[in-house]
Amino acid sequence: MALTLSSLIPIAAVALASLVGTGLLVRLLRRAQFLDHPNERSSHSLPTPKGGGLLLTPLVIAGWSWWALELGEPELWPLLAVAAGLCLLSWRDDLKSLPATLRLGAQGVAVALGLYLLGPQGSVTQGLLPAPLDLLFAWLAWLWFVNLFNFMDGIDGIAGVEALSIALGLALIWTFDLALGEGYALLLAAAVLGFLPWNWAPARLFLGDSGSVPLGFLLGYLLVFAAYQGYWAAALILPAYYWTDATFTLLRRLARREKVWQAHRGHWYQRAAAEAGHAAVSLRVGLFNIAMILLAFATLFAGDWPPLLACAVLTLAFLAYLSRLARPRP
């Protein structure tokens with residue numbers, strides 16, 4: 001369905017509901033004393049409410065349900081039920097940590113159901129791999145994205161900046177190329193936009209697992225859907241910083257035989273934020289992501305490989321820049 005003024009009004013309403021509702025949620029969580037207390041692995045220094053996903057996730061689900069109804073796509077509703085289930089399980093994990101195997105198992109089942117609901121409508125590798133291997137690759141990539149989105153939510157504002165960048169980048173491509181998906185991307189972006197001022201440094205509310213896990217799941221759905229449509233290069237470029245930082249950090253921790261499921265402060269952005277501050281690093285990630293949006297858009301005109309090569313060079317340069325920011329100041 002093409003975007004019209006009447007369809008933009010609910011998108012604006014989601015943004016407003018997120019902005020106002022998150023403010024009310026902050027008061028409720030503070031009153032309930034549901035706070036994230038800092039420890040030696042934390043990047044924050046003051047007790048801060050967590051659980052922003054208790055409002056953000058239902059808003060995205062409600063918005064997507066409305067859009068699916070408008071498009072006549074009831075097959076999307078089971079996917080949203082899965083996202084709601086992940087939100088509830090992750091909220092339970094926010095209250096009291098659950099075993100990593102249980103969380104990973106539930107996420108694996110959720111991703112498998114998501115791929116089943118997508119159906120055999122495309123290939124994330126564009127036929128490079130046989131269908132069974134392509135499906136396995138899509139499952140692993142989507143599952144990894146859910147987890148890395150959770151891992152990377154470690155400083156104020158960064159998860160909102162990343163989600164907003166990915167969603168707006170996909171919406172731009174889909175709108176320009178007259179492909180399906182822009183409404184879902186814009187509704188997600190609207191919900192995140194309302195949440196971001198409350199999460200910006202110094203954060204008054206954290207997203208929590210109840211937000212980062214289902215948000216990563218739904219963003220992963222959009223990226224896989226885009227890859228199925230042939231926008232595989234854009235699906236790699238838009239989250240380039242997140243998956244590069246998370247993957248390199250995971251490999252480095254595995255090499256050191258560390259417990260990779262435990263919280264830590266070893267990501268590039270965390271080390272940089274310790275010296276430069278949360279807002280400065282999140283803002284720089286946002287500026288980097290603008291370049292990634294432009295490169296993803298360029299795939300519509302310049303082919304896939306030149307923007308991918310430019311993305312690789314810029315991402316490595318950005319990691320080097322964050323390493324420089326992380327150096328202790330005199």
# chains A, B, ... in the order shown; residues from 1 in each chain; ligands from 1
call {"tool": "residues_around", "arguments": {"residues": "Leu115 (chain A)", "least_positions_apart": "3", "cutoff": "9 Å", "atoms": "only C-alpha atoms", "output": "list in words"}}
result
Ala110, Val111, Ala112, Leu118, Gly119, Pro120, Leu135, Ala138, Trp139, Tyr221 and Val224 of chain A
call {"tool": "write_last_selection", "arguments": {"atoms": "N, CA, C and O atoms", "output": "PDB file, in the first residue's frame"}}
result
ATOM      1  N   ALA A 110      11.776 -19.021  17.716  1.00  0.00           N
ATOM      2  CA  ALA A 110      11.089 -17.838  17.186  1.00  0.00           C
ATOM      3  C   ALA A 110      11.565 -17.513  15.778  1.00  0.00           C
ATOM      4  O   ALA A 110      10.758 -17.222  14.882  1.00  0.00           O
ATOM      5  N   VAL A 111      12.861 -17.568  15.552  1.00  0.00           N
ATOM      6  CA  VAL A 111      13.418 -17.279  14.222  1.00  0.00           C
ATOM      7  C   VAL A 111      12.975 -18.337  13.213  1.00  0.00           C
ATOM      8  O   VAL A 111      12.633 -18.018  12.066  1.00  0.00           O
ATOM      9  N   ALA A 112      12.957 -19.600  13.636  1.00  0.00           N
ATOM     10  CA  ALA A 112      12.496 -20.665  12.737  1.00  0.00           C
ATOM     11  C   ALA A 112      11.039 -20.443  12.330  1.00  0.00           C
ATOM     12  O   ALA A 112      10.681 -20.596  11.152  1.00  0.00           O
ATOM     13  N   LEU A 118       7.592 -16.469   6.561  1.00  0.00           N
ATOM     14  CA  LEU A 118       8.034 -15.788   5.351  1.00  0.00           C
ATOM     15  C   LEU A 118       7.799 -16.651   4.115  1.00  0.00           C
ATOM     16  O   LEU A 118       7.509 -16.147   3.040  1.00  0.00           O
ATOM     17  N   GLY A 119       7.938 -17.963   4.290  1.00  0.00           N
ATOM     18  CA  GLY A 119       7.684 -18.879   3.191  1.00  0.00           C
ATOM     19  C   GLY A 119       8.848 -18.936   2.206  1.00  0.00           C
ATOM     20  O   GLY A 119       9.806 -18.162   2.295  1.00  0.00           O
ATOM     21  N   PRO A 120       8.752 -19.844   1.235  1.00  0.00           N
ATOM     22  CA  PRO A 120       9.834 -20.003   0.249  1.00  0.00           C
ATOM     23  C   PRO A 120       9.737 -18.972  -0.868  1.00  0.00           C
ATOM     24  O   PRO A 120       9.666 -19.302  -2.051  1.00  0.00           O
ATOM     25  N   LEU A 135      18.476 -21.598   3.743  1.00  0.00           N
ATOM     26  CA  LEU A 135      17.562 -21.479   4.868  1.00  0.00           C
ATOM     27  C   LEU A 135      18.327 -21.539   6.192  1.00  0.00           C
ATOM     28  O   LEU A 135      18.043 -20.766   7.124  1.00  0.00           O
ATOM     29  N   ALA A 138      20.087 -18.242   6.663  1.00  0.00           N
ATOM     30  CA  ALA A 138      19.150 -17.204   7.075  1.00  0.00           C
ATOM     31  C   ALA A 138      18.803 -17.349   8.556  1.00  0.00           C
ATOM     32  O   ALA A 138      18.711 -16.348   9.280  1.00  0.00           O
ATOM     33  N   TRP A 139      18.608 -18.595   9.002  1.00  0.00           N
ATOM     34  CA  TRP A 139      18.276 -18.840  10.418  1.00  0.00           C
ATOM     35  C   TRP A 139      19.422 -18.384  11.326  1.00  0.00           C
ATOM     36  O   TRP A 139      19.194 -17.694  12.332  1.00  0.00           O
ATOM     37  N   TYR A 221      13.583  -9.506  10.942  1.00  0.00           N
ATOM     38  CA  TYR A 221      12.558  -9.876   9.958  1.00  0.00           C
ATOM     39  C   TYR A 221      12.594  -8.931   8.758  1.00  0.00           C
ATOM     40  O   TYR A 221      12.549  -9.362   7.598  1.00  0.00           O
ATOM     41  N   VAL A 224      15.761  -9.696   6.631  1.00  0.00           N
ATOM     42  CA  VAL A 224      15.628 -10.931   5.858  1.00  0.00           C
ATOM     43  C   VAL A 224      14.624 -10.742   4.728  1.00  0.00           C
ATOM     44  O   VAL A 224      14.838 -11.196   3.588  1.00  0.00           O
TER      45      VAL A 224
END
call {"tool": "residues_around", "arguments": {"residues": "Pro239 (chain A)", "least_positions_apart": "3", "cutoff": "8 Å", "atoms": "only C-alpha atoms", "output": "ChimeraX atom specification"}}
result
/A:162,166,235-236,242-243
call {"tool": "write_last_selection", "arguments": {"atoms": "N, CA, C and O atoms", "output": "compact mmCIF listing (two decimals), in the first residue's frame"}}
result
# COMPACT_ATOMS: atom_id res chain seq x y z
N GLU A 162 20.60 2.95 16.27
CA GLU A 162 20.79 1.87 15.29
C GLU A 162 19.46 1.41 14.72
O GLU A 162 19.33 1.23 13.49
N ILE A 166 18.42 1.73 10.70
CA ILE A 166 18.08 0.58 9.86
C ILE A 166 16.67 0.72 9.30
O ILE A 166 16.44 0.51 8.09
N ALA A 235 20.76 -4.99 3.05
CA ALA A 235 20.53 -5.65 4.33
C ALA A 235 21.83 -5.90 5.08
O ALA A 235 21.83 -6.01 6.31
N LEU A 236 22.94 -6.00 4.37
CA LEU A 236 24.25 -6.13 5.01
C LEU A 236 24.82 -4.77 5.40
O LEU A 236 25.45 -4.62 6.45
N TYR A 242 26.99 -2.51 13.69
CA TYR A 242 26.56 -3.41 14.76
C TYR A 242 27.11 -4.81 14.58
O TYR A 242 27.68 -5.40 15.50
N TRP A 243 26.92 -5.39 13.37
CA TRP A 243 27.35 -6.78 13.23
C TRP A 243 28.87 -6.90 13.17
O TRP A 243 29.43 -7.92 13.58
call {"tool": "residues_around", "arguments": {"residues": "Thr247 (chain A)", "least_positions_apart": "4", "cutoff": "10 Å", "atoms": "only C-alpha atoms", "output": "JSON, numbers by chain"}}
result
{"A": [144, 145, 148, 241, 242, 243, 251, 252, 253, 267]}
call {"tool": "write_last_selection", "arguments": {"atoms": "N, CA and C atoms", "output": "PDB file, in the first residue's frame"}}
result
ATOM      1  N   TRP A 144      21.644 -14.611  15.092  1.00  0.00           N
ATOM      2  CA  TRP A 144      22.799 -13.834  15.528  1.00  0.00           C
ATOM      3  C   TRP A 144      22.425 -12.356  15.641  1.00  0.00           C
ATOM      4  N   PHE A 145      21.605 -11.855  14.715  1.00  0.00           N
ATOM      5  CA  PHE A 145      21.218 -10.455  14.771  1.00  0.00           C
ATOM      6  C   PHE A 145      20.410 -10.164  16.033  1.00  0.00           C
ATOM      7  N   LEU A 148      23.044 -10.069  18.820  1.00  0.00           N
ATOM      8  CA  LEU A 148      23.980  -8.946  18.775  1.00  0.00           C
ATOM      9  C   LEU A 148      23.265  -7.633  19.066  1.00  0.00           C
ATOM     10  N   TYR A 241      27.833  -1.499  11.193  1.00  0.00           N
ATOM     11  CA  TYR A 241      28.616  -1.271  12.413  1.00  0.00           C
ATOM     12  C   TYR A 241      28.260  -2.274  13.489  1.00  0.00           C
ATOM     13  N   TYR A 242      26.989  -2.515  13.693  1.00  0.00           N
ATOM     14  CA  TYR A 242      26.556  -3.410  14.762  1.00  0.00           C
ATOM     15  C   TYR A 242      27.115  -4.814  14.578  1.00  0.00           C
ATOM     16  N   TRP A 243      26.916  -5.390  13.367  1.00  0.00           N
ATOM     17  CA  TRP A 243      27.352  -6.778  13.233  1.00  0.00           C
ATOM     18  C   TRP A 243      28.866  -6.897  13.172  1.00  0.00           C
ATOM     19  N   LEU A 251      34.450 -13.022  18.575  1.00  0.00           N
ATOM     20  CA  LEU A 251      35.590 -13.860  18.194  1.00  0.00           C
ATOM     21  C   LEU A 251      36.786 -13.607  19.114  1.00  0.00           C
ATOM     22  N   ARG A 252      36.985 -12.331  19.474  1.00  0.00           N
ATOM     23  CA  ARG A 252      38.092 -12.004  20.372  1.00  0.00           C
ATOM     24  C   ARG A 252      37.885 -12.625  21.743  1.00  0.00           C
ATOM     25  N   ARG A 253      36.654 -12.616  22.238  1.00  0.00           N
ATOM     26  CA  ARG A 253      36.363 -13.193  23.553  1.00  0.00           C
ATOM     27  C   ARG A 253      36.447 -14.727  23.514  1.00  0.00           C
ATOM     28  N   HIS A 267      33.251  -4.125  23.936  1.00  0.00           N
ATOM     29  CA  HIS A 267      32.943  -3.647  22.586  1.00  0.00           C
ATOM     30  C   HIS A 267      33.672  -2.335  22.303  1.00  0.00           C
TER      31      HIS A 267
END
call {"tool": "residues_around", "arguments": {"residues": "Met152 (chain A)", "least_positions_apart": "6", "cutoff": "12 Å", "atoms": "only C-alpha atoms", "output": "number ranges by chain"}}
result
A: 43, 144-146, 158-163, 207-209, 212-213, 216, 239, 241-247, 249-250, 263-270, 282, 285
call {"tool": "closest_residue", "arguments": {"among": "A:Gly303, A:Gly286, A:Pro58, A:Gly85", "to": "Leu168 (chain A)", "atoms": "only C-alpha atoms"}}
result
A:Gly286
call {"tool": "residues_around", "arguments": {"residues": "region 67-70 of chain A", "least_positions_apart": "4", "cutoff": "9 Å", "atoms": "only C-alpha atoms", "output": "list in words"}}
result
Met1, Ser7, Ala62, Gly63, Pro74, Glu75, Leu76, Trp77, Gly183, Tyr184 and Leu187 of chain A
call {"tool": "closest_residue", "arguments": {"among": "A:Ala279, A:Ala17, A:Ala273, A:Val60", "to": "Pro202 (chain A)", "atoms": "only C-alpha atoms"}}
result
A:Ala279
call {"tool": "atom_distance", "arguments": {"atom1": "CA of Ile155 (chain A)", "atom2": "CA of Ala234 (chain A)"}}
result
25.7 Å
call {"tool": "atom_distance", "arguments": {"atom1": "CA of Ile173 (chain A)", "atom2": "CA of Ala310 (chain A)"}}
result
18.3 Å
call {"tool": "closest_residue", "arguments": {"among": "A:Pro197, A:Tyr228, A:Lys259, A:Ala296", "to": "Gln121 (chain A)", "atoms": "only C-alpha atoms"}}
result
A:Tyr228
call {"tool": "atom_distance", "arguments": {"atom1": "CA of Val82 (chain A)", "atom2": "CA of Leu238 (chain A)"}}
result
24.4 Å
call {"tool": "closest_residue", "arguments": {"among": "A:Ile9, A:Leu136, A:Val124, A:Ala203", "to": "Leu46 (chain A)", "atoms": "only C-alpha atoms"}}
result
A:Ala203
call {"tool": "select_by_dssp", "arguments": {"residues": "region 31-229 of chain A", "states": "strand (DSSP E or B)", "output": "ChimeraX atom specification"}}
result
/A:35-36,48-50,206
call {"tool": "residues_around", "arguments": {"residues": "Ser323 (chain A)", "least_positions_apart": "2", "cutoff": "9 Å", "atoms": "only C-alpha atoms", "output": "PyMOL selection string"}}
result
chain A and resi 268-269+271-272+318-321+325-327
call {"tool": "write_last_selection", "arguments": {"atoms": "all heavy atoms", "output": "compact mmCIF listing (two decimals), in the first residue's frame"}}
result
# COMPACT_ATOMS: atom_id res chain seq x y z
N TRP A 268 33.89 -2.04 21.04
CA TRP A 268 34.54 -0.79 20.65
C TRP A 268 33.77 0.41 21.19
O TRP A 268 34.37 1.34 21.72
CB TRP A 268 34.64 -0.70 19.12
CG TRP A 268 35.90 -1.22 18.54
CD1 TRP A 268 37.08 -0.55 18.37
CD2 TRP A 268 36.15 -2.55 18.04
NE1 TRP A 268 38.03 -1.36 17.79
CE2 TRP A 268 37.49 -2.59 17.57
CE3 TRP A 268 35.37 -3.70 17.91
CZ2 TRP A 268 38.04 -3.73 17.01
CZ3 TRP A 268 35.92 -4.83 17.35
CH2 TRP A 268 37.25 -4.85 16.91
N TYR A 269 32.46 0.39 21.05
CA TYR A 269 31.67 1.55 21.47
C TYR A 269 31.73 1.74 22.98
O TYR A 269 31.70 2.88 23.48
CB TYR A 269 30.22 1.41 21.00
CG TYR A 269 29.37 0.44 21.79
CD1 TYR A 269 28.67 0.83 22.93
CD2 TYR A 269 29.28 -0.91 21.41
CE1 TYR A 269 27.90 -0.06 23.65
CE2 TYR A 269 28.51 -1.79 22.13
CZ TYR A 269 27.83 -1.37 23.24
OH TYR A 269 27.07 -2.26 23.98
N ARG A 271 34.29 0.93 25.03
CA ARG A 271 35.60 1.47 25.39
C ARG A 271 35.70 2.94 25.01
O ARG A 271 36.27 3.75 25.75
CB ARG A 271 36.70 0.65 24.71
CG ARG A 271 36.71 -0.82 25.10
CD ARG A 271 38.06 -1.47 24.83
NE ARG A 271 38.51 -1.31 23.47
CZ ARG A 271 38.26 -2.20 22.48
NH1 ARG A 271 37.55 -3.29 22.75
NH2 ARG A 271 38.72 -2.00 21.27
N ALA A 272 35.11 3.30 23.86
CA ALA A 272 35.13 4.70 23.44
C ALA A 272 34.27 5.55 24.36
O ALA A 272 34.65 6.68 24.72
CB ALA A 272 34.65 4.81 22.00
N PHE A 318 35.98 3.30 10.81
CA PHE A 318 35.21 3.76 11.96
C PHE A 318 35.62 3.02 13.22
O PHE A 318 35.72 3.61 14.31
CB PHE A 318 33.72 3.58 11.69
CG PHE A 318 32.83 4.16 12.76
CD1 PHE A 318 32.86 5.52 13.03
CD2 PHE A 318 31.98 3.36 13.50
CE1 PHE A 318 32.03 6.07 14.02
CE2 PHE A 318 31.16 3.88 14.48
CZ PHE A 318 31.19 5.25 14.74
N LEU A 319 35.88 1.71 13.11
CA LEU A 319 36.36 0.96 14.27
C LEU A 319 37.71 1.49 14.74
O LEU A 319 37.98 1.60 15.94
CB LEU A 319 36.46 -0.52 13.93
CG LEU A 319 35.14 -1.27 13.72
CD1 LEU A 319 35.41 -2.72 13.36
CD2 LEU A 319 34.25 -1.20 14.96
N ALA A 320 38.57 1.85 13.78
CA ALA A 320 39.86 2.42 14.13
C ALA A 320 39.68 3.77 14.83
O ALA A 320 40.39 4.10 15.79
CB ALA A 320 40.72 2.58 12.89
N TYR A 321 38.70 4.55 14.37
CA TYR A 321 38.41 5.84 14.98
C TYR A 321 37.91 5.66 16.41
O TYR A 321 38.32 6.40 17.32
CB TYR A 321 37.38 6.58 14.13
CG TYR A 321 36.87 7.85 14.75
CD1 TYR A 321 37.68 8.97 14.89
CD2 TYR A 321 35.55 7.94 15.21
CE1 TYR A 321 37.21 10.13 15.48
CE2 TYR A 321 35.07 9.10 15.79
CZ TYR A 321 35.91 10.19 15.92
OH TYR A 321 35.44 11.35 16.49
N LEU A 325 39.35 7.01 20.00
CA LEU A 325 38.55 7.69 21.03
C LEU A 325 38.72 7.02 22.38
O LEU A 325 38.61 7.67 23.42
CB LEU A 325 37.08 7.67 20.64
CG LEU A 325 36.52 8.75 19.72
CD1 LEU A 325 35.03 8.56 19.54
CD2 LEU A 325 36.81 10.15 20.25
N ALA A 326 38.96 5.70 22.37
CA ALA A 326 39.04 4.94 23.61
C ALA A 326 40.35 5.13 24.34
O ALA A 326 40.48 4.69 25.50
CB ALA A 326 38.82 3.45 23.31
N ARG A 327 41.32 5.78 23.71
CA ARG A 327 42.61 5.99 24.39
C ARG A 327 42.44 6.96 25.56
O ARG A 327 41.78 8.00 25.43
CB ARG A 327 43.63 6.55 23.41
CG ARG A 327 44.00 5.59 22.28
CD ARG A 327 44.92 6.25 21.30
NE ARG A 327 45.19 5.40 20.14
CZ ARG A 327 45.81 5.81 19.05
NH1 ARG A 327 46.26 7.05 18.96
NH2 ARG A 327 46.00 4.96 18.06
